[in-house]
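Engineer: Just so it is clear, I am handing over entry-v3.cif, which has mmCIF, C-alpha atoms and all ligand atoms.
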```
data_query
loop_
_atom_site.label_atom_id
_atom_site.label_comp_id
_atom_site.auth_asym_id
_atom_site.auth_seq_id
_atom_site.Cartn_x
_atom_site.Cartn_y
_atom_site.Cartn_z
CA MET Q 471 -18.67 2.59 -22.50
CA GLU Q 472 -16.19 0.42 -20.60
CA GLN Q 473 -16.57 1.34 -16.89
CA ASN Q 474 -12.81 1.60 -16.24
CA GLU Q 475 -12.01 3.62 -19.35
CA GLY Q 476 -10.00 6.75 -18.57
CA ARG Q 477 -9.29 5.71 -14.98
CA THR Q 478 -5.73 5.79 -13.70
CA PRO Q 479 -4.46 2.33 -12.77
CA VAL Q 480 -3.07 2.17 -9.24
CA VAL Q 481 -0.94 -0.30 -7.30
CA LEU Q 482 -1.15 -0.06 -3.49
CA LEU Q 483 1.97 -0.84 -1.46
CA ALA Q 484 1.75 -1.51 2.28
CA CYS Q 485 5.01 -1.54 4.24
CA GLY Q 486 5.20 -2.72 7.83
CA SER Q 487 6.41 -5.39 10.20
CA PHE Q 488 3.38 -7.71 9.77
CA ASN Q 489 4.52 -9.37 12.99
CA PRO Q 490 2.10 -11.11 12.58
CA ILE Q 491 -0.29 -10.08 9.79
CA THR Q 492 -3.81 -9.28 11.06
CA ASN Q 493 -7.33 -8.98 9.57
CA MET Q 494 -6.95 -5.23 9.60
CA HIS Q 495 -3.92 -5.32 7.31
CA LEU Q 496 -6.02 -7.09 4.70
CA ARG Q 497 -9.06 -4.91 5.36
CA MET Q 498 -6.94 -1.79 4.74
CA PHE Q 499 -6.56 -2.89 1.12
CA GLU Q 500 -10.30 -3.45 0.66
CA LEU Q 501 -11.14 -0.06 2.19
CA ALA Q 502 -8.56 1.74 0.06
CA ARG Q 503 -9.71 0.06 -3.14
CA ASP Q 504 -13.39 0.89 -2.51
CA TYR Q 505 -12.46 4.48 -1.72
CA LEU Q 506 -10.33 4.97 -4.85
CA HIS Q 507 -12.94 3.35 -7.07
CA GLU Q 508 -15.65 5.60 -5.64
CA THR Q 509 -13.70 8.68 -6.72
CA GLY Q 510 -14.34 7.54 -10.30
CA ASN Q 511 -10.72 8.41 -11.17
CA TYR Q 512 -8.81 5.25 -10.30
CA LYS Q 513 -8.75 1.55 -10.98
CA VAL Q 514 -6.81 -0.42 -8.38
CA VAL Q 515 -5.03 -3.22 -10.19
CA LYS Q 516 -2.88 -4.75 -7.46
CA GLY Q 517 -2.06 -4.64 -3.76
CA ILE Q 518 1.41 -5.48 -2.44
CA ILE Q 519 2.33 -6.38 1.13
CA SER Q 520 6.00 -5.75 1.79
CA PRO Q 521 7.19 -7.09 5.15
CA VAL Q 522 10.18 -5.23 6.57
CA GLY Q 523 13.54 -7.04 6.70
CA ASP Q 524 15.28 -8.33 9.82
CA GLY Q 525 17.62 -5.32 9.64
CA TYR Q 526 14.74 -3.19 10.99
CA LYS Q 527 15.65 -4.71 14.39
CA LYS Q 528 12.40 -3.79 16.07
CA LYS Q 529 11.97 -5.37 19.51
CA GLY Q 530 10.13 -8.70 19.25
CA LEU Q 531 10.38 -8.86 15.44
CA ILE Q 532 10.42 -12.49 14.37
CA GLU Q 533 12.45 -13.61 11.36
CA ALA Q 534 11.32 -12.22 8.02
CA GLN Q 535 10.85 -15.68 6.47
CA HIS Q 536 8.12 -16.48 9.03
CA ARG Q 537 6.37 -13.11 8.62
CA VAL Q 538 6.45 -13.55 4.84
CA ALA Q 539 5.11 -17.12 5.18
CA MET Q 540 2.21 -16.00 7.40
CA ALA Q 541 1.36 -13.10 5.11
CA THR Q 542 1.49 -15.39 2.05
CA LEU Q 543 -1.02 -17.75 3.69
CA ALA Q 544 -3.22 -14.79 4.65
CA VAL Q 545 -3.51 -13.49 1.08
CA GLU Q 546 -4.40 -16.90 -0.35
CA GLY Q 547 -8.05 -15.87 -0.39
CA SER Q 548 -7.41 -12.63 -2.26
CA ASP Q 549 -7.27 -12.39 -6.02
CA TRP Q 550 -5.57 -8.99 -6.06
CA VAL Q 551 -3.33 -8.64 -2.98
CA GLU Q 552 0.06 -10.35 -2.97
CA VAL Q 553 3.16 -10.53 -0.77
CA ASP Q 554 6.46 -9.33 -2.19
CA PRO Q 555 9.53 -10.62 -0.32
CA TRP Q 556 12.08 -8.23 -1.92
CA GLU Q 557 12.24 -5.80 1.03
CA SER Q 558 12.35 -8.64 3.57
CA GLU Q 559 15.31 -10.24 1.74
CA GLN Q 560 17.59 -7.20 2.01
CA THR Q 561 20.23 -7.51 4.72
CA GLU Q 562 20.05 -3.85 5.70
CA TRP Q 563 16.81 -2.07 6.61
CA VAL Q 564 15.39 -0.33 3.53
CA GLU Q 565 13.73 3.05 4.02
CA THR Q 566 10.17 3.20 2.75
CA ALA Q 567 10.93 5.75 0.00
CA LYS Q 568 13.51 3.30 -1.39
CA VAL Q 569 10.99 0.44 -1.27
CA LEU Q 570 8.56 2.59 -3.25
CA ARG Q 571 11.31 3.42 -5.77
CA HIS Q 572 12.13 -0.27 -6.18
CA HIS Q 573 8.51 -1.21 -6.90
CA HIS Q 574 8.06 1.78 -9.18
CA GLU Q 575 11.04 0.61 -11.24
CA GLU Q 576 9.53 -2.88 -11.39
CA LEU Q 577 6.29 -1.44 -12.74
CA LEU Q 578 8.18 0.60 -15.33
CA THR Q 579 10.11 -2.48 -16.44
CA VAL Q 580 6.90 -4.45 -16.87
CA GLY Q 581 5.43 -1.46 -18.75
CA GLN Q 582 8.49 -1.21 -21.00
CA HIS Q 583 8.38 -4.91 -21.72
CA LYS Q 584 4.69 -4.57 -22.63
CA ASP Q 585 5.57 -1.65 -24.91
CA GLU Q 586 8.28 -3.70 -26.62
CA VAL Q 587 5.89 -6.58 -27.19
CA ASP Q 588 3.25 -4.15 -28.51
CA ARG Q 589 5.82 -2.42 -30.75
CA ALA Q 590 6.96 -5.74 -32.19
CA LYS Q 591 3.33 -6.66 -32.89
CA VAL Q 592 2.74 -3.31 -34.59
CA VAL Q 593 5.86 -3.57 -36.76
CA LYS Q 594 4.74 -7.02 -37.86
CA LYS Q 595 1.23 -5.73 -38.58
CA ARG Q 596 2.56 -2.69 -40.46
CA LYS Q 597 4.49 -4.92 -42.79
CA ARG Q 598 1.20 -6.60 -43.61
CA ASN Q 599 -0.96 -3.48 -43.85
CA THR Q 600 0.65 -0.03 -44.13
CA SER Q 601 -2.70 1.79 -43.99
CA GLN Q 602 -3.14 0.85 -40.33
CA ARG Q 603 0.06 2.64 -39.31
CA ASP Q 604 -1.42 5.67 -37.51
CA THR Q 605 -3.90 3.73 -35.40
CA SER Q 606 -1.24 1.22 -34.41
CA MET Q 607 1.29 3.87 -33.39
CA GLN Q 608 -1.40 5.44 -31.25
CA GLN Q 609 -1.88 2.09 -29.54
CA ILE Q 610 1.82 2.04 -28.58
CA ARG Q 611 1.59 5.50 -27.02
CA CYS Q 612 -1.51 4.44 -25.05
CA SER Q 613 0.24 1.41 -23.60
CA SER Q 614 2.98 3.57 -21.98
CA ARG Q 615 0.25 5.39 -20.13
CA ASP Q 616 -0.92 2.03 -18.75
CA VAL Q 617 1.96 1.94 -16.24
CA PRO Q 618 0.11 2.13 -12.92
CA GLN Q 619 0.69 4.78 -10.30
CA LEU Q 620 2.19 3.42 -7.11
CA LYS Q 621 0.78 4.66 -3.81
CA LEU Q 622 1.79 3.97 -0.23
CA LEU Q 623 -1.01 2.37 1.78
CA CYS Q 624 -0.76 2.90 5.53
CA GLY Q 625 -2.66 3.39 8.76
CA ALA Q 626 -2.93 6.82 10.35
CA ASP Q 627 -0.27 5.95 12.96
CA VAL Q 628 2.34 5.63 10.20
CA LEU Q 629 1.31 8.97 8.69
CA GLU Q 630 1.59 10.56 12.14
CA SER Q 631 5.02 9.00 12.59
CA PHE Q 632 6.21 11.41 9.86
CA GLY Q 633 6.22 13.94 12.70
CA VAL Q 634 8.54 11.93 14.99
CA PRO Q 635 11.88 13.76 15.06
CA ASN Q 636 14.66 12.02 13.07
CA LEU Q 637 12.50 9.04 12.12
CA TRP Q 638 11.88 10.05 8.50
CA LYS Q 639 14.05 12.21 6.22
CA GLN Q 640 12.15 15.31 5.09
CA GLU Q 641 13.11 14.61 1.47
CA ASP Q 642 11.68 11.09 1.79
CA ILE Q 643 8.39 12.44 3.12
CA ALA Q 644 8.30 14.97 0.27
CA GLU Q 645 8.95 12.19 -2.25
CA ILE Q 646 6.38 9.82 -0.72
CA VAL Q 647 3.54 12.36 -0.62
CA GLY Q 648 4.64 14.43 -3.63
CA GLU Q 649 5.76 11.83 -6.15
CA PHE Q 650 3.85 8.71 -5.14
CA GLY Q 651 0.89 9.64 -2.96
CA VAL Q 652 -0.55 8.05 0.15
CA VAL Q 653 -3.77 6.26 0.98
CA CYS Q 654 -4.19 6.42 4.73
CA VAL Q 655 -6.77 4.44 6.72
CA THR Q 656 -8.01 5.99 9.98
CA ARG Q 657 -6.96 4.24 13.16
CA ALA Q 658 -8.05 4.63 16.79
CA GLY Q 659 -5.73 7.00 18.62
CA SER Q 660 -4.65 8.88 15.48
CA ASP Q 661 -6.11 11.93 13.79
CA ALA Q 662 -4.81 11.90 10.24
CA GLU Q 663 -6.81 14.94 9.09
CA SER Q 664 -5.51 17.29 11.74
CA PHE Q 665 -2.01 15.91 11.28
CA VAL Q 666 -2.15 16.86 7.60
CA TYR Q 667 -3.57 20.25 8.53
CA GLN Q 668 -0.76 20.92 11.02
CA SER Q 669 2.08 20.01 8.65
CA ASP Q 670 2.97 22.57 5.96
CA LEU Q 671 4.59 19.86 3.85
CA LEU Q 672 1.63 17.48 4.03
CA TRP Q 673 -0.84 20.33 3.54
CA GLU Q 674 0.98 21.32 0.35
CA HIS Q 675 0.52 17.79 -0.99
CA ARG Q 676 -2.93 17.18 0.54
CA ARG Q 677 -4.41 16.29 -2.84
CA HIS Q 678 -2.09 13.27 -2.95
CA ILE Q 679 -3.09 12.14 0.54
CA HIS Q 680 -6.31 10.15 0.52
CA ILE Q 681 -7.72 9.64 3.99
CA VAL Q 682 -10.07 6.69 4.17
CA LYS Q 683 -12.50 6.56 7.06
CA GLU Q 684 -13.06 3.12 8.56
CA TRP Q 685 -16.52 3.22 10.13
CA ILE Q 686 -16.36 -0.31 11.45
CA THR Q 687 -13.55 0.37 13.87
CA ASN Q 688 -11.19 -2.42 14.69
CA GLU Q 689 -8.50 -1.69 17.22
CA ILE Q 690 -6.59 -4.83 16.45
CA SER Q 691 -2.83 -4.51 16.32
CA ALA Q 692 -0.02 -7.02 15.94
CA THR Q 693 1.21 -5.87 19.39
CA LYS Q 694 -2.08 -7.04 20.95
CA ILE Q 695 -1.89 -10.37 19.12
CA ARG Q 696 1.68 -10.93 20.34
CA ARG Q 697 0.64 -10.02 23.88
CA ALA Q 698 -2.29 -12.46 23.86
CA LEU Q 699 -0.09 -15.24 22.48
CA ARG Q 700 2.55 -14.59 25.15
CA ARG Q 701 -0.16 -14.98 27.76
CA GLY Q 702 -1.52 -18.16 26.23
CA GLN Q 703 -4.80 -16.43 25.35
CA SER Q 704 -6.89 -17.14 22.27
CA VAL Q 705 -6.43 -14.91 19.26
CA ARG Q 706 -9.40 -16.30 17.33
CA PHE Q 707 -12.06 -13.87 16.01
CA PRO Q 708 -10.29 -10.70 17.20
CA ASN Q 709 -12.70 -7.77 17.48
CA ALA Q 710 -16.22 -8.45 16.29
CA GLY Q 711 -16.35 -4.91 14.91
CA ARG Q 712 -18.57 -2.05 16.00
CA VAL Q 713 -19.93 1.02 14.32
CA THR Q 714 -18.50 4.35 15.48
CA ALA Q 715 -20.39 7.53 16.37
CA GLY Q 716 -22.48 5.70 18.96
CA SER Q 717 -24.88 4.12 16.48
CA ARG Q 718 -26.78 1.10 17.75
CA THR Q 719 -26.66 -2.23 16.04
CA THR Q 720 -29.90 -3.12 14.32
N1 LIG M 801 -6.16 -1.56 13.09
C1 LIG M 801 -5.58 -0.87 12.12
N2 LIG M 801 -6.19 0.18 11.55
C2 LIG M 801 -5.58 0.87 10.55
N3 LIG M 801 -4.34 0.59 10.06
C3 LIG M 801 -3.68 -0.44 10.60
C4 LIG M 801 -4.27 -1.23 11.65
N4 LIG M 801 -3.37 -2.21 11.98
C5 LIG M 801 -2.28 -2.02 11.20
N5 LIG M 801 -2.46 -0.97 10.36
C6 LIG M 801 -1.51 -0.47 9.38
O1 LIG M 801 -0.89 -1.57 8.72
C7 LIG M 801 0.44 -1.25 8.34
C8 LIG M 801 1.42 -2.28 8.83
O2 LIG M 801 1.37 -2.19 10.22
P1 LIG M 801 2.19 -3.03 11.27
O3 LIG M 801 2.82 -4.22 10.64
O4 LIG M 801 3.01 -2.12 12.07
O5 LIG M 801 0.96 -3.56 12.14
P2 LIG M 801 0.57 -3.15 13.59
O6 LIG M 801 -0.68 -3.88 13.93
O7 LIG M 801 0.59 -1.66 13.74
O8 LIG M 801 1.79 -3.82 14.36
P3 LIG M 801 2.61 -3.35 15.66
O9 LIG M 801 1.60 -3.30 16.78
O10 LIG M 801 3.62 -4.42 15.79
O11 LIG M 801 3.17 -1.98 15.31
C9 LIG M 801 0.71 0.16 8.93
O12 LIG M 801 0.52 1.10 7.90
C10 LIG M 801 -0.35 0.30 10.00
O13 LIG M 801 -0.70 1.64 10.23
N1 LIG M 802 12.42 6.64 7.36
C1 LIG M 802 11.66 5.66 6.94
O1 LIG M 802 11.61 5.32 5.77
C2 LIG M 802 10.83 4.92 7.97
C3 LIG M 802 10.83 5.27 9.31
C4 LIG M 802 10.05 4.52 10.19
C5 LIG M 802 9.30 3.46 9.74
N2 LIG M 802 9.33 3.14 8.43
C6 LIG M 802 8.56 2.00 7.93
O2 LIG M 802 7.23 2.05 8.43
C7 LIG M 802 6.80 0.73 8.76
C8 LIG M 802 6.45 0.78 10.23
O3 LIG M 802 6.19 -0.46 10.72
P1 LIG M 802 6.02 -0.68 12.30
O4 LIG M 802 4.83 0.17 12.74
O5 LIG M 802 5.75 -2.13 12.45
O6 LIG M 802 7.28 -0.22 13.00
C9 LIG M 802 7.96 -0.20 8.39
O7 LIG M 802 7.72 -0.69 7.08
C10 LIG M 802 9.18 0.69 8.36
O8 LIG M 802 10.17 0.30 7.44
C11 LIG M 802 10.06 3.85 7.54
ZN ZN M 803 2.61 -0.72 13.66
#
```
Show the structure stored in the file as structure tokens.

Structural biologist:
Amino acid sequence: MEQNEGRTPVVLLACGSFNPITNMHLRMFELARDYLHETGNYKVVKGIISPVGDGYKKKGLIEAQHRVAMATLAVEGSDWVEVDPWESEQTEWVETAKVLRHHHEELLTVGQHKDEVDRAKVVKKRKRNTSQRDTSMQQIRCSSRDVPQLKLLCGADVLESFGVPNLWKQEDIAEIVGEFGVVCVTRAGSDAESFVYQSDLLWEHRRHIHIVKEWITNEISATKIRRALRRGQSVRFPNAGRVTAGSRTT
């Protein structure tokens, strides 16, 4: 039997400043994909990096075109993660729920187009052989189910920011965790599990919140990279990686 048969296709969307992109941003995708595949229920078909637009106006944020260019170079070595500039091209800051909606619509459009192509093929085939009608119609129905689920990929600090007063609309949080789902990678200084436990809303949707444990901790952040660059320090080979829980290297 085909290994991926019956698995739900998933697209992972990571929103953020990527100011600049770091190894850990790319690693997040690998961790999330491994995790979802190990559940046996999902097949990750694509990863999307969506750099925030200049309208976000975060202190020290460099122009979107440069962040997009750096991210594009960074994903050159990946055959499944890509950079999508749509969010970065909007003049106003776009809330994350809206970014998810935009990409969901894109996936539906691609799915619809695929359905139309399939339907046209079936109609053509039916004209040739009417006995194949039932099987072919079944194929059309199957293709609509091929539209991947879209999930937000983030680090635990972003999940915890759901609790910052007035930062996120409650209805957006409900939509993100309830309608889309979240894959959250652990990060030093954040405790995603207890955050979910403490929030009634997140607890209600806990089955849509996948927490992925990164054992090889890497405390890299774009803030630290910017700081090092400001100070003229090297940013090569950031964090050699170490195993948590006090285990010794062998
Ligand atoms: N070391 C890390 N571990 C886990 N998640 C991370 C890590 N670094 C970044 N992320 C996640 O990547 C996404 C994009 O993050 P962002 O662009 O803010 O990077 P950052 O390193 O946190 O930058 P800054 O320090 O400027 O906030 C967020 O979901 C964030 O949680
Ligand atoms: N209400 C919202 O939708 C909301 C609030 C805060 C941050 N965000 C997003 O989270 C990400 C955070 O990135 P930074 O950690 O770099 O600030 C950005 O993509 C930003 O757009 C969304
Ligand atoms: Zn950040």

Engineer: When distances are computed from only C-alpha atoms and all ligand atoms, which of Q:Leu672, Q:Val545, Q:Leu531, Q:Val580 shows the smallest separation from ligand LIG 802 (chain M)?

Structural biologist: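 Among the listed residues, Q:Leu531 lies closest to ligand LIG 802 (chain M).
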
Engineer: Tell me, as a list in words, which residues lie within 10 Å of Arg677 (chain Q), counting all atoms listed in the file; anything in the same chain fewer than 5 positions away does not count.

Structural biologist: Val647, Gly648, Gly651, Val652 and Leu672 of chain Q

Engineer: Write the residues you've just listed into a file as a PDB file, in the frame of the given file, and include C-alpha atoms for each of them.

Structural biologist:
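The resulting out_29.pdb:
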```
ATOM      1  CA  VAL Q 647       3.540  12.360  -0.620  1.00  0.00           C
ATOM      2  CA  GLY Q 648       4.640  14.430  -3.630  1.00  0.00           C
ATOM      3  CA  GLY Q 651       0.890   9.640  -2.960  1.00  0.00           C
ATOM      4  CA  VAL Q 652      -0.550   8.050   0.150  1.00  0.00           C
ATOM      5  CA  LEU Q 672       1.630  17.480   4.030  1.00  0.00           C
TER       6      LEU Q 672
END
```

Engineer: Which chains and residue numbers are within 10 Å of ligand LIG 801 (chain M), counting all atoms listed in the file, if I want them as a PDB file with C-alpha atoms, in the coordinates of the input?

Structural biologist:
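Saved as pocket-v3.pdb:
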```pdb
ATOM      1  CA  LEU Q 483       1.970  -0.840  -1.460  1.00  0.00           C
ATOM      2  CA  ALA Q 484       1.750  -1.510   2.280  1.00  0.00           C
ATOM      3  CA  CYS Q 485       5.010  -1.540   4.240  1.00  0.00           C
ATOM      4  CA  GLY Q 486       5.200  -2.720   7.830  1.00  0.00           C
ATOM      5  CA  SER Q 487       6.410  -5.390  10.200  1.00  0.00           C
ATOM      6  CA  PHE Q 488       3.380  -7.710   9.770  1.00  0.00           C
ATOM      7  CA  ASN Q 489       4.520  -9.370  12.990  1.00  0.00           C
ATOM      8  CA  PRO Q 490       2.100 -11.110  12.580  1.00  0.00           C
ATOM      9  CA  ILE Q 491      -0.290 -10.080   9.790  1.00  0.00           C
ATOM     10  CA  THR Q 492      -3.810  -9.280  11.060  1.00  0.00           C
ATOM     11  CA  ASN Q 493      -7.330  -8.980   9.570  1.00  0.00           C
ATOM     12  CA  MET Q 494      -6.950  -5.230   9.600  1.00  0.00           C
ATOM     13  CA  HIS Q 495      -3.920  -5.320   7.310  1.00  0.00           C
ATOM     14  CA  LEU Q 496      -6.020  -7.090   4.700  1.00  0.00           C
ATOM     15  CA  ARG Q 497      -9.060  -4.910   5.360  1.00  0.00           C
ATOM     16  CA  MET Q 498      -6.940  -1.790   4.740  1.00  0.00           C
ATOM     17  CA  PHE Q 499      -6.560  -2.890   1.120  1.00  0.00           C
ATOM     18  CA  ILE Q 519       2.330  -6.380   1.130  1.00  0.00           C
ATOM     19  CA  SER Q 520       6.000  -5.750   1.790  1.00  0.00           C
ATOM     20  CA  PRO Q 521       7.190  -7.090   5.150  1.00  0.00           C
ATOM     21  CA  VAL Q 522      10.180  -5.230   6.570  1.00  0.00           C
ATOM     22  CA  LYS Q 528      12.400  -3.790  16.070  1.00  0.00           C
ATOM     23  CA  LYS Q 529      11.970  -5.370  19.510  1.00  0.00           C
ATOM     24  CA  GLY Q 530      10.130  -8.700  19.250  1.00  0.00           C
ATOM     25  CA  LEU Q 531      10.380  -8.860  15.440  1.00  0.00           C
ATOM     26  CA  ARG Q 537       6.370 -13.110   8.620  1.00  0.00           C
ATOM     27  CA  LEU Q 622       1.790   3.970  -0.230  1.00  0.00           C
ATOM     28  CA  LEU Q 623      -1.010   2.370   1.780  1.00  0.00           C
ATOM     29  CA  CYS Q 624      -0.760   2.900   5.530  1.00  0.00           C
ATOM     30  CA  GLY Q 625      -2.660   3.390   8.760  1.00  0.00           C
ATOM     31  CA  ALA Q 626      -2.930   6.820  10.350  1.00  0.00           C
ATOM     32  CA  ASP Q 627      -0.270   5.950  12.960  1.00  0.00           C
ATOM     33  CA  VAL Q 628       2.340   5.630  10.200  1.00  0.00           C
ATOM     34  CA  LEU Q 629       1.310   8.970   8.690  1.00  0.00           C
ATOM     35  CA  GLU Q 630       1.590  10.560  12.140  1.00  0.00           C
ATOM     36  CA  SER Q 631       5.020   9.000  12.590  1.00  0.00           C
ATOM     37  CA  VAL Q 653      -3.770   6.260   0.980  1.00  0.00           C
ATOM     38  CA  CYS Q 654      -4.190   6.420   4.730  1.00  0.00           C
ATOM     39  CA  VAL Q 655      -6.770   4.440   6.720  1.00  0.00           C
ATOM     40  CA  THR Q 656      -8.010   5.990   9.980  1.00  0.00           C
ATOM     41  CA  ARG Q 657      -6.960   4.240  13.160  1.00  0.00           C
ATOM     42  CA  ALA Q 658      -8.050   4.630  16.790  1.00  0.00           C
ATOM     43  CA  GLY Q 659      -5.730   7.000  18.620  1.00  0.00           C
ATOM     44  CA  SER Q 660      -4.650   8.880  15.480  1.00  0.00           C
ATOM     45  CA  VAL Q 682     -10.070   6.690   4.170  1.00  0.00           C
ATOM     46  CA  LYS Q 683     -12.500   6.560   7.060  1.00  0.00           C
ATOM     47  CA  GLU Q 684     -13.060   3.120   8.560  1.00  0.00           C
ATOM     48  CA  THR Q 687     -13.550   0.370  13.870  1.00  0.00           C
ATOM     49  CA  ASN Q 688     -11.190  -2.420  14.690  1.00  0.00           C
ATOM     50  CA  GLU Q 689      -8.500  -1.690  17.220  1.00  0.00           C
ATOM     51  CA  ILE Q 690      -6.590  -4.830  16.450  1.00  0.00           C
ATOM     52  CA  SER Q 691      -2.830  -4.510  16.320  1.00  0.00           C
ATOM     53  CA  ALA Q 692      -0.020  -7.020  15.940  1.00  0.00           C
ATOM     54  CA  THR Q 693       1.210  -5.870  19.390  1.00  0.00           C
ATOM     55  CA  LYS Q 694      -2.080  -7.040  20.950  1.00  0.00           C
ATOM     56  CA  ILE Q 695      -1.890 -10.370  19.120  1.00  0.00           C
ATOM     57  CA  ARG Q 696       1.680 -10.930  20.340  1.00  0.00           C
ATOM     58  CA  ARG Q 697       0.640 -10.020  23.880  1.00  0.00           C
TER      59      ARG Q 697
END
```

Engineer: Of the residues Q:Trp638, Q:Phe665, Q:Tyr505, Q:Phe650, which is the one nearest to ligand LIG 802 (chain M), using all atoms listed in the file?

Structural biologist: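 Among Q:Trp638, Q:Phe665, Q:Tyr505, Q:Phe650, it is Q:Trp638 that comes nearest to ligand LIG 802 (chain M).
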
Engineer: Give me, please, the distance in Å between atom O8 of ligand LIG 802 (chain M) and CA of Ala541 (chain Q), quoted to one decimal.

Structural biologist: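 Here the two named atoms are 16.2 Å from each other.
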
Engineer: Kindly give the distance, in Å, that separates CA of Leu620 (chain Q) and CA of Asp670 (chain Q), rounded to a single decimal.

Structural biologist: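 Between CA of Leu620 (chain Q) and CA of Asp670 (chain Q) the gap is 23.2 Å.
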
Engineer: For the atom pair CA of Ala644 (chain Q) and CA of Ser669 (chain Q), what is the interatomic distance in Å to one decimal place?

Structural biologist: 11.6 Å

Engineer: Using only the atoms of region 534-552 of chain Q listed in the file, plus 6 Å on each side, state the axis-aligned box centre and edge lengths in Å rounded to one decimal, as JSON.

Structural biologist:
```
{"center_x": 1.6, "center_y": -13.2, "center_z": 1.5, "size_x": 31.4, "size_y": 21.1, "size_z": 27.1}
```

Engineer: Would you list the contacts of region 551-565 of chain Q as number ranges by chain, taking every protein, DNA or RNA residue within 6 Å and counting all atoms listed in the file, but skipping same-chain residues closer than 3 positions in sequence?

Structural biologist: Q: 516-523, 525-526, 534, 542, 548, 568

Engineer: In file coordinates, which residues lie within 9 Å of (-7.9, 1.4, -13.5) using all atoms listed in the file, given as a JSON list (two decimals) with C-alpha atoms, keeping the file's coordinate frame?

Structural biologist:
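Just written: part01.json:
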```json
[["chain", "number", "residue", "atom", "x", "y", "z"],
["Q", 474, "ASN", "CA", -12.81, 1.60, -16.24],
["Q", 475, "GLU", "CA", -12.01, 3.62, -19.35],
["Q", 476, "GLY", "CA", -10.00, 6.75, -18.57],
["Q", 477, "ARG", "CA", -9.29, 5.71, -14.98],
["Q", 478, "THR", "CA", -5.73, 5.79, -13.70],
["Q", 479, "PRO", "CA", -4.46, 2.33, -12.77],
["Q", 480, "VAL", "CA", -3.07, 2.17, -9.24],
["Q", 507, "HIS", "CA", -12.94, 3.35, -7.07],
["Q", 511, "ASN", "CA", -10.72, 8.41, -11.17],
["Q", 512, "TYR", "CA", -8.81, 5.25, -10.30],
["Q", 513, "LYS", "CA", -8.75, 1.55, -10.98],
["Q", 514, "VAL", "CA", -6.81, -0.42, -8.38],
["Q", 515, "VAL", "CA", -5.03, -3.22, -10.19],
["Q", 616, "ASP", "CA", -0.92, 2.03, -18.75],
["Q", 618, "PRO", "CA", 0.11, 2.13, -12.92]]
```

Engineer: Restricting the calculation to only C-alpha atoms and all ligand atoms, which member of Q:Gln668, Q:Asn636, Q:Gln703, Q:Thr509 is positioned closest to ligand LIG 802 (chain M)?

Structural biologist: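 Among Q:Gln668, Q:Asn636, Q:Gln703, Q:Thr509, it is Q:Asn636 that comes nearest to ligand LIG 802 (chain M).
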
Engineer: For ligand LIG 802 (chain M), which residue among Q:Ala544, Q:Ala539, Q:Leu570, Q:Leu699 is the nearest when counting all atoms listed in the file?

Structural biologist: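 Closest residue, counting all atoms listed in the file: Q:Leu570.
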
Engineer: Find, counting all atoms listed in the file, the residue in Q:Gln640, Q:Ser664, Q:His680, Q:Glu533 that gets nearest to Lys621 (chain Q).

Structural biologist: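 The shortest atom-to-atom distance to Lys621 (chain Q) comes from Q:His680.
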
Engineer: Complete the atoms of region 530-540 of chain Q to N, CA and C atoms and put them out as a PDB file, keeping the file's coordinate frame.

Structural biologist:
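New file selection_36.pdb:
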```pdb
ATOM      1  N   GLY Q 530      11.158  -7.662  19.403  1.00  0.00           N
ATOM      2  CA  GLY Q 530      10.130  -8.700  19.250  1.00  0.00           C
ATOM      3  C   GLY Q 530       9.853  -9.123  17.813  1.00  0.00           C
ATOM      4  N   LEU Q 531      10.605  -8.541  16.871  1.00  0.00           N
ATOM      5  CA  LEU Q 531      10.380  -8.860  15.440  1.00  0.00           C
ATOM      6  C   LEU Q 531      10.871 -10.283  15.158  1.00  0.00           C
ATOM      7  N   ILE Q 532       9.959 -11.134  14.691  1.00  0.00           N
ATOM      8  CA  ILE Q 532      10.420 -12.490  14.370  1.00  0.00           C
ATOM      9  C   ILE Q 532      11.020 -12.501  12.967  1.00  0.00           C
ATOM     10  N   GLU Q 533      11.724 -13.565  12.643  1.00  0.00           N
ATOM     11  CA  GLU Q 533      12.450 -13.610  11.360  1.00  0.00           C
ATOM     12  C   GLU Q 533      11.534 -13.356  10.163  1.00  0.00           C
ATOM     13  N   ALA Q 534      12.086 -12.631   9.201  1.00  0.00           N
ATOM     14  CA  ALA Q 534      11.320 -12.220   8.020  1.00  0.00           C
ATOM     15  C   ALA Q 534      10.669 -13.413   7.317  1.00  0.00           C
ATOM     16  N   GLN Q 535      11.404 -14.538   7.230  1.00  0.00           N
ATOM     17  CA  GLN Q 535      10.850 -15.680   6.470  1.00  0.00           C
ATOM     18  C   GLN Q 535       9.517 -16.130   7.079  1.00  0.00           C
ATOM     19  N   HIS Q 536       9.380 -16.055   8.401  1.00  0.00           N
ATOM     20  CA  HIS Q 536       8.120 -16.480   9.030  1.00  0.00           C
ATOM     21  C   HIS Q 536       7.021 -15.453   8.803  1.00  0.00           C
ATOM     22  N   ARG Q 537       7.381 -14.168   8.849  1.00  0.00           N
ATOM     23  CA  ARG Q 537       6.370 -13.110   8.620  1.00  0.00           C
ATOM     24  C   ARG Q 537       5.887 -13.164   7.170  1.00  0.00           C
ATOM     25  N   VAL Q 538       6.825 -13.433   6.269  1.00  0.00           N
ATOM     26  CA  VAL Q 538       6.450 -13.550   4.840  1.00  0.00           C
ATOM     27  C   VAL Q 538       5.541 -14.775   4.656  1.00  0.00           C
ATOM     28  N   ALA Q 539       5.907 -15.886   5.330  1.00  0.00           N
ATOM     29  CA  ALA Q 539       5.110 -17.120   5.180  1.00  0.00           C
ATOM     30  C   ALA Q 539       3.686 -16.907   5.697  1.00  0.00           C
ATOM     31  N   MET Q 540       3.556 -16.237   6.846  1.00  0.00           N
ATOM     32  CA  MET Q 540       2.210 -16.000   7.400  1.00  0.00           C
ATOM     33  C   MET Q 540       1.400 -15.092   6.479  1.00  0.00           C
TER      34      MET Q 540
END
```
